[in-house]
Amino acid sequence: MYQPTQFVQPSLEAMHGLIRQQPLATLVTLANDGLNANHIPLHLSDAPLPFGTLRGHVARANPLWHDLDPELEVLAIFHGPNTYISPSWYATKQETGKVVPTWNYTVVHAYGQLRVVDDASWLRSQLEALTNQHEAAFPEPWAVADAPHEFTEKLMEAIIGIELVITRLSGKWKVSQNQPPCNQASVAERLSASGQLDAAGMAALIKAGVKNGD
């Protein structure tokens, strides 16, 4: 990933936060027929330090888990807020006219070797951890144990676990750091009023001074 210095996200806390808030990863692997990408929600645990571990599951019918070289590095990509930025939003447009459109975004790349886990106990724990994380905000959270045991056991026969111990993390926060303060303020204001998807999140990142999590 191309990383201009001003867009580098140095905060492990911020990168972990994005992964937990946006857990649907694009998991890129090298298969026998070339590059492959699967879209899989992954649950992050902090151990082992410093970067943690990603765990998930795929259908047994998915060739990902058996068309895989365990010695090769894989890449999990997590996308945070992203928005189009109109040049008309820059305060300096009125002064010089020297403005062009761009796209603001946040993204985390997690690297490591992918391990396949064919173990019913491990798989149930993974399903419970992932479910509990995303049900926690609901007034009446659903739990895996709420479904009949025989029903979930049967469904689990059709899936298999995957685990990625993260060996390196790379975060990119392109959130108007290359603009003067007056443009950062005007862009955040216009985003807040625009109603665009992810606009409020991006405006908050700009207002927070870019290095969210520092």
# chains A, B, ... in the order shown; residues from 1 in each chain; ligands from 1
>>> residues_around(residues="stretch 3-6 of chain A", least_positions_apart="6", cutoff="10 Å", atoms="only C-alpha atoms", output="list in words")
Ser170, Gly171, Lys172, Trp173, Lys174, Val175, Ser176, Gln177, Asn178, Val210 and Lys211 of chain A
>>> write_last_selection(atoms="C-alpha atoms", output="mmCIF file, in the first residue's frame")
data_model
loop_
_atom_site.group_PDB
_atom_site.id
_atom_site.type_symbol
_atom_site.label_atom_id
_atom_site.label_comp_id
_atom_site.auth_asym_id
_atom_site.auth_seq_id
_atom_site.Cartn_x
_atom_site.Cartn_y
_atom_site.Cartn_z
ATOM 1 C CA SER A 170 -0.411 -1.109 8.239
ATOM 2 C CA GLY A 171 -2.932 1.699 8.676
ATOM 3 C CA LYS A 172 -3.684 4.575 6.331
ATOM 4 C CA TRP A 173 -5.844 7.514 7.434
ATOM 5 C CA LYS A 174 -6.255 9.859 4.441
ATOM 6 C CA VAL A 175 -8.387 12.484 6.142
ATOM 7 C CA SER A 176 -7.331 15.894 4.789
ATOM 8 C CA GLN A 177 -4.002 16.094 6.646
ATOM 9 C CA ASN A 178 -2.458 17.625 3.513
ATOM 10 C CA VAL A 210 -6.270 13.063 12.012
ATOM 11 C CA LYS A 211 -4.300 10.715 14.246
#
>>> residues_around(residues="A:Leu54", least_positions_apart="4", cutoff="7 Å", atoms="only C-alpha atoms", output="ChimeraX atom specification")
/A:42-45,163-165
>>> write_last_selection(atoms="N, CA and C atoms", output="PDB file, in the first residue's frame")
ATOM      1  N   LEU A  42     -14.220 -11.128  10.658  1.00  0.00           N
ATOM      2  CA  LEU A  42     -13.170 -11.703  11.494  1.00  0.00           C
ATOM      3  C   LEU A  42     -13.204 -11.065  12.880  1.00  0.00           C
ATOM      4  N   HIS A  43     -13.021 -11.888  13.887  1.00  0.00           N
ATOM      5  CA  HIS A  43     -13.003 -11.420  15.276  1.00  0.00           C
ATOM      6  C   HIS A  43     -11.556 -11.233  15.717  1.00  0.00           C
ATOM      7  N   LEU A  44     -11.266 -10.068  16.278  1.00  0.00           N
ATOM      8  CA  LEU A  44      -9.913  -9.729  16.715  1.00  0.00           C
ATOM      9  C   LEU A  44      -9.756  -9.972  18.205  1.00  0.00           C
ATOM     10  N   SER A  45      -8.709 -10.692  18.576  1.00  0.00           N
ATOM     11  CA  SER A  45      -8.287 -10.790  19.983  1.00  0.00           C
ATOM     12  C   SER A  45      -6.901 -10.171  20.104  1.00  0.00           C
ATOM     13  N   GLU A 163      -7.685 -19.000  11.160  1.00  0.00           N
ATOM     14  CA  GLU A 163      -7.010 -18.161  12.151  1.00  0.00           C
ATOM     15  C   GLU A 163      -5.775 -17.522  11.534  1.00  0.00           C
ATOM     16  N   LEU A 164      -5.606 -16.233  11.796  1.00  0.00           N
ATOM     17  CA  LEU A 164      -4.464 -15.487  11.287  1.00  0.00           C
ATOM     18  C   LEU A 164      -3.800 -14.759  12.448  1.00  0.00           C
ATOM     19  N   VAL A 165      -2.624 -15.202  12.855  1.00  0.00           N
ATOM     20  CA  VAL A 165      -1.830 -14.461  13.841  1.00  0.00           C
ATOM     21  C   VAL A 165      -1.156 -13.319  13.088  1.00  0.00           C
TER      22      VAL A 165
END
>>> residues_around(residues="stretch 133-149 of chain A", least_positions_apart="2", cutoff="12 Å", atoms="only C-alpha atoms", output="number ranges by chain")
A: 20-24, 41-45, 123-131, 151-156
>>> residues_around(residues="A:Asn104", least_positions_apart="6", cutoff="12 Å", atoms="only C-alpha atoms", output="compact mmCIF listing (two decimals) with N, CA and C atoms, in the first residue's frame")
# COMPACT_ATOMS: atom_id res chain seq x y z
N PHE A 7 -0.10 10.39 5.88
CA PHE A 7 -1.30 9.55 5.97
C PHE A 7 -1.08 8.28 6.79
N HIS A 79 -11.89 -1.85 5.79
CA HIS A 79 -12.19 -0.49 5.36
C HIS A 79 -13.00 0.24 6.42
N GLY A 80 -12.56 1.46 6.75
CA GLY A 80 -13.32 2.33 7.63
C GLY A 80 -14.09 3.37 6.83
N PRO A 81 -14.45 4.50 7.45
CA PRO A 81 -15.19 5.55 6.74
C PRO A 81 -14.44 6.01 5.48
N ASN A 82 -15.20 6.26 4.41
CA ASN A 82 -14.61 6.82 3.19
C ASN A 82 -15.64 7.70 2.51
N THR A 83 -15.19 8.84 1.96
CA THR A 83 -16.11 9.79 1.35
C THR A 83 -15.44 10.54 0.20
N TYR A 84 -16.24 10.91 -0.77
CA TYR A 84 -15.81 11.84 -1.82
C TYR A 84 -15.70 13.24 -1.23
N ILE A 85 -14.66 13.96 -1.63
CA ILE A 85 -14.45 15.33 -1.17
C ILE A 85 -14.52 16.27 -2.37
N SER A 86 -15.53 17.13 -2.38
CA SER A 86 -15.71 18.08 -3.48
C SER A 86 -14.76 19.26 -3.33
N LYS A 172 -3.74 3.33 7.11
CA LYS A 172 -3.68 4.58 6.33
C LYS A 172 -4.95 5.38 6.62
N TRP A 173 -4.76 6.59 7.15
CA TRP A 173 -5.84 7.51 7.43
C TRP A 173 -5.66 8.72 6.50
N LYS A 174 -6.33 8.72 5.37
CA LYS A 174 -6.26 9.86 4.44
C LYS A 174 -7.46 10.75 4.73
N VAL A 175 -7.27 11.69 5.64
CA VAL A 175 -8.39 12.48 6.14
C VAL A 175 -8.04 13.98 6.16
N SER A 176 -7.59 14.46 5.02
CA SER A 176 -7.33 15.89 4.79
C SER A 176 -6.14 16.46 5.56
N GLN A 177 -5.19 15.57 5.96
CA GLN A 177 -4.00 16.09 6.65
C GLN A 177 -3.18 17.01 5.76
N ASN A 178 -3.26 16.83 4.44
CA ASN A 178 -2.46 17.62 3.51
C ASN A 178 -3.09 18.97 3.19
N GLN A 179 -4.18 19.30 3.86
CA GLN A 179 -4.86 20.57 3.64
C GLN A 179 -4.60 21.53 4.80
N GLN A 184 -9.53 22.04 6.25
CA GLN A 184 -9.97 20.93 7.09
C GLN A 184 -11.29 21.29 7.78
N VAL A 187 -14.20 21.46 5.14
CA VAL A 187 -14.58 20.12 4.66
C VAL A 187 -15.38 19.39 5.73
N ALA A 188 -14.93 19.44 6.98
CA ALA A 188 -15.65 18.78 8.06
C ALA A 188 -17.06 19.35 8.20
N LEU A 191 -19.17 18.10 5.21
CA LEU A 191 -19.47 16.68 5.37
C LEU A 191 -20.58 16.47 6.40
N ASP A 198 -21.12 7.62 5.54
CA ASP A 198 -19.84 7.75 6.24
C ASP A 198 -19.41 9.20 6.47
N ALA A 199 -20.26 10.17 6.08
CA ALA A 199 -19.84 11.56 6.18
C ALA A 199 -19.59 11.99 7.62
N GLY A 201 -18.76 10.14 10.20
CA GLY A 201 -17.55 9.51 10.70
C GLY A 201 -16.30 10.18 10.18
N MET A 202 -16.31 10.53 8.89
CA MET A 202 -15.14 11.19 8.32
C MET A 202 -14.97 12.59 8.89
N ALA A 203 -16.07 13.32 9.06
CA ALA A 203 -15.99 14.66 9.65
C ALA A 203 -15.39 14.59 11.05
N LEU A 205 -13.29 12.34 12.18
CA LEU A 205 -11.86 12.05 12.08
C LEU A 205 -11.07 13.31 11.74
N ILE A 206 -11.60 14.12 10.83
CA ILE A 206 -10.92 15.36 10.46
C ILE A 206 -10.85 16.31 11.66
N VAL A 210 -6.87 14.06 12.88
CA VAL A 210 -6.27 13.06 12.01
C VAL A 210 -5.82 11.80 12.71
>>> residues_around(residues="A:Asp67", least_positions_apart="5", cutoff="12 Å", atoms="only C-alpha atoms", output="PyMOL selection string")
chain A and resi 29-36+60-62+72+114+116
>>> write_last_selection(atoms="all heavy atoms", output="mmCIF file, in the first residue's frame")
data_model
loop_
_atom_site.group_PDB
_atom_site.id
_atom_site.type_symbol
_atom_site.label_atom_id
_atom_site.label_comp_id
_atom_site.auth_asym_id
_atom_site.auth_seq_id
_atom_site.Cartn_x
_atom_site.Cartn_y
_atom_site.Cartn_z
ATOM 1 N N THR A 29 -5.844 -14.193 -0.723
ATOM 2 C CA THR A 29 -4.959 -15.352 -0.669
ATOM 3 C C THR A 29 -4.490 -15.703 -2.073
ATOM 4 O O THR A 29 -5.096 -15.282 -3.067
ATOM 5 C CB THR A 29 -5.680 -16.566 -0.049
ATOM 6 O OG1 THR A 29 -6.832 -16.884 -0.849
ATOM 7 C CG2 THR A 29 -6.125 -16.283 1.373
ATOM 8 N N LEU A 30 -3.416 -16.483 -2.147
ATOM 9 C CA LEU A 30 -2.916 -16.966 -3.429
ATOM 10 C C LEU A 30 -3.339 -18.417 -3.586
ATOM 11 O O LEU A 30 -2.885 -19.298 -2.860
ATOM 12 C CB LEU A 30 -1.395 -16.840 -3.504
ATOM 13 C CG LEU A 30 -0.752 -17.291 -4.820
ATOM 14 C CD1 LEU A 30 -1.278 -16.458 -5.990
ATOM 15 C CD2 LEU A 30 0.768 -17.197 -4.741
ATOM 16 N N ALA A 31 -4.248 -18.667 -4.548
ATOM 17 C CA ALA A 31 -4.743 -20.017 -4.823
ATOM 18 C C ALA A 31 -4.009 -20.594 -6.030
ATOM 19 O O ALA A 31 -3.198 -19.919 -6.677
ATOM 20 C CB ALA A 31 -6.241 -19.970 -5.084
ATOM 21 N N ASN A 32 -4.309 -21.837 -6.348
ATOM 22 C CA ASN A 32 -3.653 -22.483 -7.484
ATOM 23 C C ASN A 32 -3.934 -21.776 -8.803
ATOM 24 O O ASN A 32 -3.119 -21.815 -9.729
ATOM 25 C CB ASN A 32 -4.091 -23.945 -7.582
ATOM 26 C CG ASN A 32 -3.479 -24.791 -6.486
ATOM 27 O OD1 ASN A 32 -2.355 -24.549 -6.055
ATOM 28 N ND2 ASN A 32 -4.215 -25.786 -6.012
ATOM 29 N N ASP A 33 -5.109 -21.109 -8.892
ATOM 30 C CA ASP A 33 -5.458 -20.423 -10.126
ATOM 31 C C ASP A 33 -5.204 -18.924 -10.058
ATOM 32 O O ASP A 33 -5.672 -18.160 -10.901
ATOM 33 C CB ASP A 33 -6.919 -20.694 -10.494
ATOM 34 C CG ASP A 33 -7.889 -20.235 -9.414
ATOM 35 O OD1 ASP A 33 -7.428 -19.855 -8.318
ATOM 36 O OD2 ASP A 33 -9.109 -20.250 -9.666
ATOM 37 N N GLY A 34 -4.479 -18.475 -9.042
ATOM 38 C CA GLY A 34 -4.132 -17.059 -8.928
ATOM 39 C C GLY A 34 -4.684 -16.436 -7.653
ATOM 40 O O GLY A 34 -5.065 -17.143 -6.711
ATOM 41 N N LEU A 35 -4.723 -15.121 -7.619
ATOM 42 C CA LEU A 35 -5.207 -14.413 -6.438
ATOM 43 C C LEU A 35 -6.693 -14.678 -6.227
ATOM 44 O O LEU A 35 -7.480 -14.746 -7.174
ATOM 45 C CB LEU A 35 -4.971 -12.907 -6.589
ATOM 46 C CG LEU A 35 -3.516 -12.432 -6.492
ATOM 47 C CD1 LEU A 35 -3.427 -10.947 -6.773
ATOM 48 C CD2 LEU A 35 -2.931 -12.744 -5.112
ATOM 49 N N ASN A 36 -7.071 -14.771 -4.944
ATOM 50 C CA ASN A 36 -8.458 -15.002 -4.578
ATOM 51 C C ASN A 36 -8.819 -14.032 -3.455
ATOM 52 O O ASN A 36 -7.987 -13.726 -2.600
ATOM 53 C CB ASN A 36 -8.641 -16.454 -4.114
ATOM 54 C CG ASN A 36 -10.086 -16.863 -4.000
ATOM 55 O OD1 ASN A 36 -10.974 -16.179 -4.505
ATOM 56 N ND2 ASN A 36 -10.342 -17.976 -3.331
ATOM 57 N N ARG A 60 -17.377 -25.086 4.340
ATOM 58 C CA ARG A 60 -16.511 -26.174 3.880
ATOM 59 C C ARG A 60 -16.518 -26.272 2.355
ATOM 60 O O ARG A 60 -15.556 -26.761 1.756
ATOM 61 C CB ARG A 60 -16.952 -27.503 4.490
ATOM 62 C CG ARG A 60 -16.580 -27.638 5.954
ATOM 63 C CD ARG A 60 -16.910 -29.000 6.511
ATOM 64 N NE ARG A 60 -16.548 -29.092 7.915
ATOM 65 C CZ ARG A 60 -15.366 -29.478 8.364
ATOM 66 N NH1 ARG A 60 -14.401 -29.821 7.510
ATOM 67 N NH2 ARG A 60 -15.116 -29.534 9.660
ATOM 68 N N ALA A 61 -17.580 -25.778 1.732
ATOM 69 C CA ALA A 61 -17.661 -25.791 0.271
ATOM 70 C C ALA A 61 -16.765 -24.736 -0.368
ATOM 71 O O ALA A 61 -16.508 -24.776 -1.579
ATOM 72 C CB ALA A 61 -19.104 -25.578 -0.177
ATOM 73 N N ASN A 62 -16.264 -23.801 0.443
ATOM 74 C CA ASN A 62 -15.389 -22.744 -0.060
ATOM 75 C C ASN A 62 -13.984 -23.317 -0.263
ATOM 76 O O ASN A 62 -13.370 -23.820 0.692
ATOM 77 C CB ASN A 62 -15.349 -21.596 0.954
ATOM 78 C CG ASN A 62 -14.617 -20.374 0.443
ATOM 79 O OD1 ASN A 62 -13.740 -20.461 -0.407
ATOM 80 N ND2 ASN A 62 -14.973 -19.213 0.970
ATOM 81 N N LEU A 72 2.624 -19.342 2.868
ATOM 82 C CA LEU A 72 2.534 -18.038 2.223
ATOM 83 C C LEU A 72 1.781 -17.040 3.101
ATOM 84 O O LEU A 72 0.856 -17.401 3.823
ATOM 85 C CB LEU A 72 1.838 -18.146 0.869
ATOM 86 C CG LEU A 72 2.581 -18.897 -0.232
ATOM 87 C CD1 LEU A 72 1.753 -18.902 -1.517
ATOM 88 C CD2 LEU A 72 3.947 -18.262 -0.505
ATOM 89 N N LEU A 114 -2.162 -17.984 7.284
ATOM 90 C CA LEU A 114 -3.503 -18.449 7.610
ATOM 91 C C LEU A 114 -3.467 -19.919 8.016
ATOM 92 O O LEU A 114 -2.902 -20.755 7.311
ATOM 93 C CB LEU A 114 -4.434 -18.264 6.407
ATOM 94 C CG LEU A 114 -5.934 -18.367 6.696
ATOM 95 C CD1 LEU A 114 -6.385 -17.216 7.597
ATOM 96 C CD2 LEU A 114 -6.724 -18.339 5.388
ATOM 97 N N VAL A 116 -5.813 -23.256 9.164
ATOM 98 C CA VAL A 116 -7.143 -23.865 9.145
ATOM 99 C C VAL A 116 -7.343 -24.634 10.441
ATOM 100 O O VAL A 116 -6.459 -25.366 10.884
ATOM 101 C CB VAL A 116 -7.302 -24.801 7.926
ATOM 102 C CG1 VAL A 116 -8.638 -25.532 7.974
ATOM 103 C CG2 VAL A 116 -7.167 -24.010 6.632
#
>>> select_by_dssp(residues="stretch 16-128 of chain A", states="helix (DSSP H, G or I)", output="number ranges by chain")
A: 16-21, 63-65, 87-89, 91-93, 120-128
